[in-house]
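Listing of run-v2.cif, mmCIF, C-alpha atoms
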data_upload
#
loop_
_atom_site.label_atom_id
_atom_site.label_comp_id
_atom_site.auth_asym_id
_atom_site.auth_seq_id
_atom_site.Cartn_x
_atom_site.Cartn_y
_atom_site.Cartn_z
CA MET K 150 137.77 84.37 136.89
CA ASN K 151 139.25 85.69 140.13
CA SER K 152 139.52 89.50 139.93
CA LEU K 153 143.20 89.51 140.94
CA VAL K 154 144.06 86.91 138.29
CA ALA K 155 142.15 88.86 135.63
CA THR K 156 143.76 92.19 136.55
CA SER K 157 147.26 90.70 136.62
CA ARG K 158 146.62 89.06 133.24
CA ASN K 159 145.75 92.43 131.69
CA PHE K 160 148.85 93.97 133.26
CA ARG K 161 151.13 91.24 131.88
CA HIS K 162 149.65 91.63 128.41
CA ALA K 163 150.34 95.37 128.56
CA ALA K 164 153.88 94.72 129.86
CA ARG K 165 154.59 92.45 126.86
CA LEU K 166 153.28 95.06 124.43
CA LEU K 167 155.55 97.65 126.07
CA GLY K 168 158.54 95.29 126.15
CA LEU K 169 159.15 95.82 129.87
CA ASP K 170 162.13 94.18 131.54
CA SER K 171 160.95 91.06 133.39
CA LYS K 172 162.40 92.25 136.72
CA LEU K 173 160.66 95.63 136.41
CA GLU K 174 157.43 93.85 135.45
CA LYS K 175 157.58 91.73 138.60
CA SER K 176 158.38 94.76 140.74
CA LEU K 177 155.40 96.72 139.39
CA LEU K 178 153.05 93.82 140.10
CA ILE K 179 154.01 93.27 143.76
CA PRO K 180 152.18 95.60 146.20
CA PHE K 181 154.25 98.16 148.13
CA ARG K 182 152.52 97.18 151.41
CA GLU K 183 149.65 94.96 152.58
CA VAL K 184 148.03 95.52 155.98
CA LYS K 185 145.53 93.28 157.77
CA VAL K 186 144.11 94.44 161.10
CA GLU K 187 141.67 93.18 163.70
CA CYS K 188 138.83 95.59 164.54
CA THR K 189 136.93 94.67 167.71
CA ILE K 190 134.06 96.91 168.85
CA PRO K 191 131.31 96.80 171.47
CA LYS K 192 127.92 96.35 169.82
CA ASP K 193 124.91 98.37 170.95
CA ASP K 194 123.70 95.39 173.00
CA GLY K 195 126.96 95.27 174.94
CA THR K 196 128.45 92.21 173.21
CA LEU K 197 131.81 92.36 171.42
CA ALA K 198 132.20 91.78 167.68
CA SER K 199 135.42 91.40 165.69
CA TYR K 200 135.96 92.27 162.03
CA VAL K 201 138.98 92.10 159.74
CA GLY K 202 140.16 95.24 157.97
CA PHE K 203 142.54 95.49 155.03
CA ARG K 204 144.60 98.20 153.34
CA VAL K 205 146.68 97.34 150.30
CA GLN K 206 149.05 100.05 149.09
CA HIS K 207 150.08 99.00 145.61
CA ASP K 208 152.41 101.66 144.21
CA ASN K 209 153.64 105.18 145.04
CA ALA K 210 156.04 105.91 142.17
CA ARG K 211 153.86 108.73 140.83
CA GLY K 212 152.64 110.20 144.11
CA PRO K 213 150.63 109.40 147.26
CA MET K 214 148.60 106.23 147.04
CA LYS K 215 144.86 106.66 146.48
CA GLY K 216 141.88 104.37 146.76
CA GLY K 217 138.54 103.70 148.36
CA ILE K 218 137.53 101.88 151.51
CA ARG K 219 134.63 99.46 151.12
CA TYR K 220 132.46 97.79 153.75
CA HIS K 221 131.13 94.53 152.35
CA PRO K 222 130.85 90.90 153.52
CA GLU K 223 132.95 89.68 150.57
CA VAL K 224 135.95 91.96 151.17
CA ASP K 225 139.02 89.72 150.99
CA PRO K 226 142.76 90.10 150.25
CA ASP K 227 142.51 89.08 146.58
CA GLU K 228 139.73 91.56 145.82
CA VAL K 229 141.47 94.40 147.65
CA ASN K 230 144.77 93.59 145.90
CA ALA K 231 143.10 93.62 142.48
CA LEU K 232 141.35 96.93 143.11
CA ALA K 233 144.53 98.52 144.50
CA GLN K 234 146.42 97.50 141.38
CA LEU K 235 143.63 98.86 139.16
CA MET K 236 143.86 102.19 141.01
CA THR K 237 147.56 102.43 140.16
CA TRP K 238 146.86 102.13 136.45
CA LYS K 239 143.69 104.25 136.65
CA THR K 240 145.39 107.25 138.25
CA ALA K 241 148.16 106.98 135.66
CA VAL K 242 145.66 106.82 132.78
CA ALA K 243 143.94 109.94 134.15
CA ASP K 244 147.39 111.55 134.53
CA ILE K 245 146.85 112.64 138.12
CA PRO K 246 149.82 112.46 140.56
CA TYR K 247 148.78 109.43 142.58
CA GLY K 248 149.58 105.77 142.98
CA GLY K 249 147.05 103.07 143.83
CA ALA K 250 145.62 101.65 147.05
CA LYS K 251 142.42 100.03 148.29
CA GLY K 252 140.98 99.01 151.62
CA GLY K 253 137.97 97.56 153.29
CA ILE K 254 136.39 95.78 156.21
CA GLY K 255 134.63 92.45 155.92
CA CYS K 256 131.24 93.36 157.36
CA ALA K 257 127.58 93.82 156.38
CA PRO K 258 127.06 97.57 156.91
CA GLY K 259 123.29 97.24 156.57
CA GLU K 260 123.24 95.07 159.71
CA LEU K 261 125.14 97.62 161.81
CA SER K 262 123.69 100.70 163.50
CA ILE K 263 125.11 104.16 162.83
CA SER K 264 126.88 104.14 166.19
CA GLU K 265 128.35 100.68 165.49
CA LEU K 266 129.58 101.83 162.08
CA GLU K 267 131.19 104.87 163.67
CA ARG K 268 132.96 102.77 166.31
CA LEU K 269 134.16 100.32 163.63
CA THR K 270 135.45 103.14 161.42
CA ARG K 271 137.28 104.80 164.31
CA VAL K 272 138.94 101.54 165.42
CA PHE K 273 140.02 100.82 161.83
CA THR K 274 141.47 104.35 161.56
CA GLN K 275 143.35 103.88 164.84
CA LYS K 276 144.97 100.75 163.41
CA ILE K 277 146.12 102.34 160.14
CA HIS K 278 146.51 106.07 160.95
CA ASP K 279 150.31 105.94 160.80
CA LEU K 280 150.17 104.35 157.32
CA ILE K 281 147.88 106.93 155.69
CA GLY K 282 148.22 110.68 155.25
CA SER K 283 147.75 113.50 152.75
CA HIS K 284 151.16 112.77 151.16
CA ILE K 285 151.24 109.02 151.88
CA ASP K 286 147.88 107.36 151.19
CA VAL K 287 144.54 109.14 150.76
CA PRO K 288 141.40 106.99 151.26
CA ALA K 289 137.95 107.72 149.76
CA PRO K 290 134.44 106.23 149.90
CA ASP K 291 133.62 103.00 148.10
CA MET K 292 130.91 100.37 148.29
CA GLY K 293 129.17 100.48 151.69
CA THR K 294 130.87 103.72 152.77
CA ASN K 295 130.05 107.38 152.18
CA SER K 296 130.90 110.97 153.11
CA GLN K 297 129.93 110.31 156.75
CA THR K 298 132.49 107.47 156.92
CA MET K 299 135.15 109.85 155.60
CA ALA K 300 134.16 112.45 158.22
CA TRP K 301 134.77 109.88 160.98
CA ILE K 302 138.16 108.93 159.49
CA LEU K 303 139.13 112.61 159.21
CA ASP K 304 138.16 113.27 162.83
CA GLU K 305 139.92 110.18 164.22
CA TYR K 306 143.06 110.77 162.14
CA SER K 307 143.16 114.44 163.23
CA LYS K 308 143.30 113.35 166.89
CA PHE K 309 146.74 111.89 166.16
CA HIS K 310 148.06 114.31 163.52
CA GLY K 311 146.18 117.60 163.87
CA TYR K 312 143.43 118.82 161.57
CA SER K 313 144.19 117.20 158.20
CA PRO K 314 141.35 117.67 155.68
CA ALA K 315 143.45 116.30 152.79
CA VAL K 316 143.83 112.87 154.44
CA VAL K 317 140.58 111.65 152.83
CA THR K 318 138.42 112.72 149.89
CA GLY K 319 134.70 112.33 149.36
CA LYS K 320 134.07 114.27 152.58
CA PRO K 321 130.98 116.36 153.42
CA ILE K 322 131.19 119.82 151.85
CA VAL K 323 131.31 121.53 155.28
CA LEU K 324 134.45 119.55 156.16
CA GLY K 325 136.32 120.43 152.98
CA GLY K 326 134.61 118.18 150.47
CA SER K 327 134.47 119.30 146.85
CA LEU K 328 131.39 120.47 145.02
CA GLY K 329 130.65 118.03 142.19
CA ARG K 330 132.25 115.04 143.96
CA GLU K 331 128.99 113.16 144.49
CA ALA K 332 128.17 113.16 140.78
CA ALA K 333 131.78 112.85 139.62
CA THR K 334 131.98 109.15 138.71
CA GLY K 335 128.63 109.17 136.90
CA ARG K 336 129.46 112.44 135.16
CA GLY K 337 132.85 111.08 134.15
CA VAL K 338 131.15 107.99 132.70
CA VAL K 339 129.01 110.25 130.51
CA TYR K 340 132.01 112.35 129.39
CA ALA K 341 133.83 109.10 128.52
CA THR K 342 130.79 107.85 126.62
CA GLU K 343 130.58 111.08 124.63
CA ALA K 344 134.28 110.85 123.75
CA LEU K 345 133.87 107.27 122.50
CA LEU K 346 130.66 107.91 120.55
CA ALA K 347 132.21 110.94 118.83
CA GLU K 348 134.75 108.56 117.29
CA PHE K 349 131.86 106.88 115.47
CA GLY K 350 130.09 110.11 114.53
CA LYS K 351 127.43 109.60 117.19
CA SER K 352 126.23 111.42 120.31
CA VAL K 353 124.25 110.48 123.41
CA SER K 354 121.10 112.09 122.00
CA GLY K 355 118.78 109.58 120.37
CA LEU K 356 120.68 106.45 121.41
CA THR K 357 119.30 103.74 123.69
CA PHE K 358 120.97 102.85 126.99
CA VAL K 359 120.73 99.98 129.48
CA ILE K 360 122.17 100.57 132.96
CA GLN K 361 122.88 97.84 135.49
CA GLY K 362 123.06 99.38 138.94
CA PHE K 363 121.15 102.40 140.18
CA GLY K 364 123.27 103.53 143.09
CA ASN K 365 125.37 106.67 143.07
CA VAL K 366 127.10 106.03 139.73
CA GLY K 367 124.17 104.53 137.87
CA SER K 368 121.63 107.12 138.98
CA TRP K 369 123.86 110.07 138.07
CA ALA K 370 124.79 108.52 134.73
CA ALA K 371 121.11 107.87 133.96
CA GLN K 372 120.11 111.40 134.94
CA LEU K 373 122.81 113.02 132.81
CA ILE K 374 122.12 110.75 129.83
CA HIS K 375 118.43 111.66 130.09
CA GLU K 376 119.30 115.37 130.17
CA LYS K 377 121.42 114.96 127.03
CA GLY K 378 118.57 113.33 125.08
CA GLY K 379 119.56 109.68 125.48
CA LYS K 380 116.88 107.05 126.16
CA VAL K 381 117.44 104.78 129.16
CA ILE K 382 115.22 101.87 128.09
CA ALA K 383 116.10 99.43 130.89
CA LEU K 384 117.82 99.50 134.25
CA GLY K 385 118.08 97.46 137.39
CA ASP K 386 119.45 97.25 140.91
CA VAL K 387 119.35 94.73 143.77
CA SER K 388 115.57 95.16 144.05
CA GLY K 389 114.86 94.15 140.44
CA ALA K 390 114.86 95.40 136.86
CA ILE K 391 112.50 97.49 134.71
CA LYS K 392 112.16 98.47 131.06
CA ASN K 393 110.30 100.83 128.74
CA PRO K 394 111.17 100.83 125.01
CA ASN K 395 110.18 104.51 124.79
CA GLY K 396 112.54 105.50 127.58
CA ILE K 397 112.19 105.55 131.36
CA ASP K 398 111.32 108.88 133.03
CA ILE K 399 114.57 109.16 135.00
CA PRO K 400 113.77 112.35 137.01
CA ALA K 401 110.48 110.81 138.13
CA LEU K 402 112.22 107.53 139.00
CA ILE K 403 114.81 109.35 141.11
CA LYS K 404 112.00 111.08 143.03
CA HIS K 405 110.28 107.69 143.45
CA ARG K 406 113.49 106.20 144.87
CA ALA K 407 114.07 109.20 147.15
CA ALA K 408 110.60 108.65 148.62
CA GLY K 409 111.53 105.06 149.50
CA GLY K 410 110.06 103.33 146.45
CA VAL K 411 111.62 100.35 144.68
CA LEU K 412 112.06 99.97 140.92
CA LYS K 413 109.37 97.34 140.37
CA ASP K 414 106.70 99.63 141.87
CA PHE K 415 107.50 102.53 139.54
CA GLU K 416 104.65 103.42 137.17
CA GLY K 417 104.98 103.43 133.40
CA VAL K 418 107.45 100.55 133.12
CA ASP K 419 107.42 96.77 132.73
CA VAL K 420 109.18 94.56 135.26
CA MET K 421 111.81 92.30 133.67
CA ASP K 422 114.04 89.42 134.70
CA PRO K 423 117.26 90.95 136.11
CA LYS K 424 119.23 88.21 134.32
CA GLU K 425 117.99 89.59 130.99
CA LEU K 426 119.14 93.15 131.71
CA LEU K 427 122.68 92.73 130.41
CA LEU K 428 121.34 90.95 127.32
CA HIS K 429 118.70 93.55 126.48
CA GLU K 430 119.07 95.03 123.01
CA CYS K 431 120.44 98.59 123.12
CA ASP K 432 123.08 100.86 121.68
CA VAL K 433 125.04 101.32 124.92
CA LEU K 434 125.27 99.00 127.94
CA ILE K 435 126.63 100.49 131.18
CA PRO K 436 127.36 98.00 134.01
CA CYS K 437 127.54 100.05 137.24
CA ALA K 438 127.33 97.27 139.83
CA LEU K 439 129.65 94.43 140.88
CA GLY K 440 132.55 92.91 138.98
CA GLY K 441 132.45 89.79 136.82
CA VAL K 442 128.88 90.28 135.58
CA LEU K 443 129.91 89.75 131.95
CA ASN K 444 131.51 86.33 131.57
CA ARG K 445 131.86 83.44 129.16
CA GLU K 446 128.37 82.18 130.04
CA ASN K 447 126.50 85.31 128.88
CA ALA K 448 128.90 87.33 126.70
CA ALA K 449 127.79 85.71 123.44
CA ASP K 450 124.20 86.84 124.10
CA VAL K 451 125.01 90.52 124.73
CA ARG K 452 123.27 92.68 122.09
CA ALA K 453 124.74 96.09 122.90
CA LYS K 454 127.01 97.84 120.38
CA TYR K 455 129.06 99.63 123.03
CA ILE K 456 129.88 98.73 126.65
CA ILE K 457 130.98 101.42 129.10
CA GLU K 458 132.54 99.82 132.19
CA ALA K 459 131.34 102.07 135.00
CA ALA K 460 131.87 99.25 137.54
CA ASN K 461 135.29 97.87 138.48
CA HIS K 462 136.15 94.75 136.47
CA PRO K 463 132.63 94.01 135.13
CA SER K 464 134.01 91.96 132.21
CA ASP K 465 136.04 88.78 132.66
CA PRO K 466 138.90 88.32 130.14
CA GLU K 467 136.95 85.45 128.52
CA ALA K 468 133.97 87.77 128.02
CA ASP K 469 136.34 90.42 126.65
CA GLU K 470 137.51 88.05 123.92
CA ILE K 471 134.00 86.92 123.01
CA LEU K 472 132.63 90.47 122.88
CA SER K 473 135.57 91.78 120.85
CA LYS K 474 135.10 89.03 118.26
CA LYS K 475 131.43 90.08 118.02
CA GLY K 476 132.54 93.63 117.25
CA VAL K 477 131.33 95.10 120.54
CA VAL K 478 133.39 98.17 121.52
CA ILE K 479 134.34 98.13 125.21
CA LEU K 480 135.47 101.24 127.07
CA PRO K 481 137.54 99.84 129.98
CA ASP K 482 136.93 100.52 133.66
CA ILE K 483 140.37 102.01 134.36
CA TYR K 484 139.33 104.91 132.15
CA ALA K 485 135.52 104.93 132.10
CA ASN K 486 135.00 105.22 135.86
CA ALA K 487 137.98 107.47 136.59
CA GLY K 488 135.78 110.55 137.15
CA GLY K 489 135.53 109.85 140.87
CA VAL K 490 139.27 109.74 141.49
CA ILE K 491 139.86 112.75 139.24
CA VAL K 492 137.49 114.90 141.29
CA SER K 493 138.96 113.38 144.46
CA TYR K 494 142.26 114.77 143.20
CA PHE K 495 140.60 118.18 142.76
CA GLU K 496 139.30 117.94 146.34
CA TRP K 497 142.78 117.07 147.63
CA VAL K 498 144.27 120.03 145.74
CA GLN K 499 141.63 122.38 147.17
CA ASN K 500 142.32 121.12 150.72
CA ILE K 501 146.07 121.58 150.39
CA GLN K 502 145.69 125.06 148.89
CA GLY K 503 142.89 126.06 151.26
CA PHE K 504 141.04 127.47 148.25
CA MET K 505 137.74 125.92 147.12
CA TRP K 506 136.40 125.80 143.57
CA ASP K 507 132.86 126.36 142.31
CA GLU K 508 131.03 123.41 140.74
CA ASP K 509 131.28 124.70 137.17
CA LYS K 510 135.08 124.74 137.45
CA VAL K 511 135.09 121.20 138.86
CA ASN K 512 132.94 119.89 136.00
CA MET K 513 134.91 121.78 133.35
CA GLU K 514 138.22 120.41 134.63
CA LEU K 515 136.76 116.89 134.86
CA GLN K 516 135.67 117.01 131.21
CA LYS K 517 139.14 118.27 130.23
CA TYR K 518 140.88 115.39 132.02
CA MET K 519 138.49 112.73 130.65
CA THR K 520 138.81 114.00 127.07
CA LYS K 521 142.60 114.24 127.23
CA ALA K 522 142.85 110.71 128.69
CA PHE K 523 140.71 109.31 125.87
CA ASP K 524 142.94 110.98 123.26
CA ASN K 525 146.02 109.47 124.95
CA ILE K 526 144.41 106.01 125.00
CA LYS K 527 143.64 106.29 121.28
CA ALA K 528 147.27 107.17 120.60
CA MET K 529 148.44 104.04 122.46
CA CYS K 530 145.90 101.92 120.55
CA LYS K 531 147.40 103.22 117.31
CA THR K 532 150.99 102.65 118.47
CA HIS K 533 150.43 99.10 119.67
CA GLU K 534 147.54 98.14 117.34
CA CYS K 535 145.46 97.01 120.29
CA SER K 536 142.02 97.27 121.89
CA LEU K 537 140.86 100.20 124.01
CA ARG K 538 141.47 98.09 127.13
CA MET K 539 145.07 97.42 126.19
CA GLY K 540 145.43 101.02 125.04
CA ALA K 541 144.44 102.13 128.55
CA PHE K 542 146.61 99.52 130.28
CA THR K 543 149.68 100.29 128.17
CA LEU K 544 149.18 104.01 128.83
CA GLY K 545 148.90 103.52 132.59
CA VAL K 546 151.60 100.88 132.98
CA ASN K 547 154.05 102.83 130.80
CA ARG K 548 153.63 105.98 132.93
CA VAL K 549 154.19 104.07 136.18
CA ALA K 550 157.17 102.18 134.73
CA ARG K 551 158.79 105.43 133.53
CA ALA K 552 158.27 107.09 136.93
CA THR K 553 159.75 104.04 138.67
CA LEU K 554 162.86 104.07 136.47
CA LEU K 555 163.32 107.84 136.72
CA ARG K 556 163.24 107.63 140.52
CA GLY K 557 166.21 105.28 140.39
CA TRP K 558 164.94 101.71 140.31
CA GLU K 559 167.80 99.32 139.58
CA ALA K 560 167.37 96.04 137.72
#
Translate this structure into structure tokens?
Amino acid sequence: MNSLVATSRNFRHAARLLGLDSKLEKSLLIPFREVKVECTIPKDDGTLASYVGFRVQHDNARGPMKGGIRYHPEVDPDEVNALAQLMTWKTAVADIPYGGAKGGIGCAPGELSISELERLTRVFTQKIHDLIGSHIDVPAPDMGTNSQTMAWILDEYSKFHGYSPAVVTGKPIVLGGSLGREAATGRGVVYATEALLAEFGKSVSGLTFVIQGFGNVGSWAAQLIHEKGGKVIALGDVSGAIKNPNGIDIPALIKHRAAGGVLKDFEGVDVMDPKELLLHECDVLIPCALGGVLNRENAADVRAKYIIEAANHPSDPEADEILSKKGVVILPDIYANAGGVIVSYFEWVQNIQGFMWDEDKVNMELQKYMTKAFDNIKAMCKTHECSLRMGAFTLGVNRVARATLLRGWEA
């Protein structure tokens, strides 16, 4: 199912549970602003290349809009719209004073040189600089972008508006980035997992985990799970998938990857079919890669007891229904992967105050926000007798709806 259709479907379900006025429901669904820009740059060989950039600003009722910028060949208006909408509900679930936005450029970053990526980023920033800002819309890294990309945006934006470190988050530490930001999404996933497992009298220690995706989020989640005594028995990325029923040596695997190695060449594991990864028997399955990986074709064969959605929209609504009927407990993406935007908020606060925090404070505050959000989701589940996904959606949508009405929206 199209990600925008799926996201809107979840929103409408939450709106019905909350009894929202139909006009308010429609207003909350329509994006505040959609921008599409042409980005033409000279390539290193002297030829010109044109790319299309997008920025969708979904809602600003609760504060400046917030969301990543991704560089990927499949970036399109529907995907960016869906992710912008998800950010609106996610920031509300986390109870941080932001709305939602998302952006991206349709390109293959791996095929561009560093200088080409810099030129592309600067041209994109030139086209949208008057639509972003520390109290308007605050971008962050996403798929295909990183702290270097944010540094270029900061520099280009500052040429027009003066030095403005709070205009982006996920920056290098020396330019005002926050300690703990790199690990934040993966760490938040683990805090969320601990909160869920505690409801069932369990902990990370001694349980088995399967992780799909071994990029920033997956590798940090795996490392922290390993440190807490959990066994990562299978994981995979674009290069392949591996397994070991006794647990994979995560610290050694991270060193192997840092040295340029790929998963299938790692010692002490068996190579497995990547298609079997999501179906591998385990206690906890954590999808950390692309959306839509759990669908009606494979959901019935999933053998995990718990699913933690570290990726955006990894489960189609059809898969959701199948898995719920099987008794699988799903922790939804708009809560489970909120650690990144929470620590982005901390970074923004530090930039505005001009006072930086140590990493222990960042991690302590992150755990506090993740735990409180889970308790609030549980309360909504009890009120509306619904799943964790609808508990999260009703929590987020209700907060945005209340802010909208309090600011003076008229039906």
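Evaluating the PyMOL selection byres ((chain K and resi 324) around 12) against the shown model yields K:Ser296, K:Gln297, K:Met299, K:Ala300, K:Trp301, K:Ile302, K:Leu303, K:Asp304, K:Tyr312, K:Ser313, K:Pro314, K:Ala315, K:Val316, K:Val317, K:Thr318, K:Gly319, K:Lys320, K:Pro321, K:Ile322, K:Val323, K:Gly325, K:Gly326, K:Ser327, K:Leu328, K:Glu496, K:Gln499, K:Asn500, K:Gly503, K:Met505.
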Counting only C-alpha atoms, which of K:Val478, K:Val242, K:Leu426, K:Ile399 gets nearest to Ile526 of chain K? K:Val242
Find the residues around Glu416 of chain K up to 10 Å (only C-alpha atoms counted), leave out those fewer than 6 positions away in its own chain, and share them as a ChimeraX atom specification. /K:397-398,401-402,405
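For the pair atom CA of Ile456 of chain K and atom CA of Tyr220 of chain K, the separation is 27.2 Å.
Considering all atoms listed in the file, the residue among K:Lys454, K:His462, K:Lys239, K:Lys172 positioned nearest to Val477 of chain K is K:Lys454.
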For the PyMOL selection byres ((chain K and resi 219) around 12), applied here, can you spell out every residue it catches as a PyMOL selection string? chain K and resi 202-204+216-218+220-225+228-229+232-233+250-258+270+288-295+298-299
Hits of the PyMOL selection byres ((chain K and resi 173) around 12) in this structure, as a ChimeraX atom specification: /K:161,164-165,167-172,174-179,546-547,549-554,557-560
Quick one: residues within 8 Å of Gly378 of chain K, all atoms listed in the file counted, chain neighbours fewer than 5 positions away excluded, as a PyMOL selection string? chain K and resi 353-355
Starting from the point (121.3, 100.8, 126.9), work out which residues of protein, DNA or RNA have an atom no more than 8 Å away when counting only C-alpha atoms; state them as number ranges by chain. K: 356-360, 380-383, 429-435, 453
List the neighbours of Val387 of chain K out to 9 Å using all atoms listed in the file; skip same-chain residues closer than 4 positions along the sequence, and give me the result as number ranges by chain. K: 362-363, 423
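Atom pair atom CA of Asp507 of chain K / atom CA of Ala460 of chain K: separated by 27.5 Å.
Atom CA of Gln206 of chain K lies 14.9 Å from atom CA of Lys276 of chain K.
With all atoms listed in the file as the basis for measurement, K:Leu235 is the residue among K:Asn461, K:Gly379, K:Leu235, K:His533 that approaches Phe160 of chain K most closely.
Using only C-alpha atoms, the nearest neighbour of Glu260 of chain K within the list K:Asp193, K:Ile483, K:Ile491, K:Leu428 is K:Asp193.
Take the candidates K:His162, K:Arg271, K:Arg548, K:Arg211 and check each one against Tyr306 of chain K using only C-alpha atoms; the shortest distance goes to K:Arg271.
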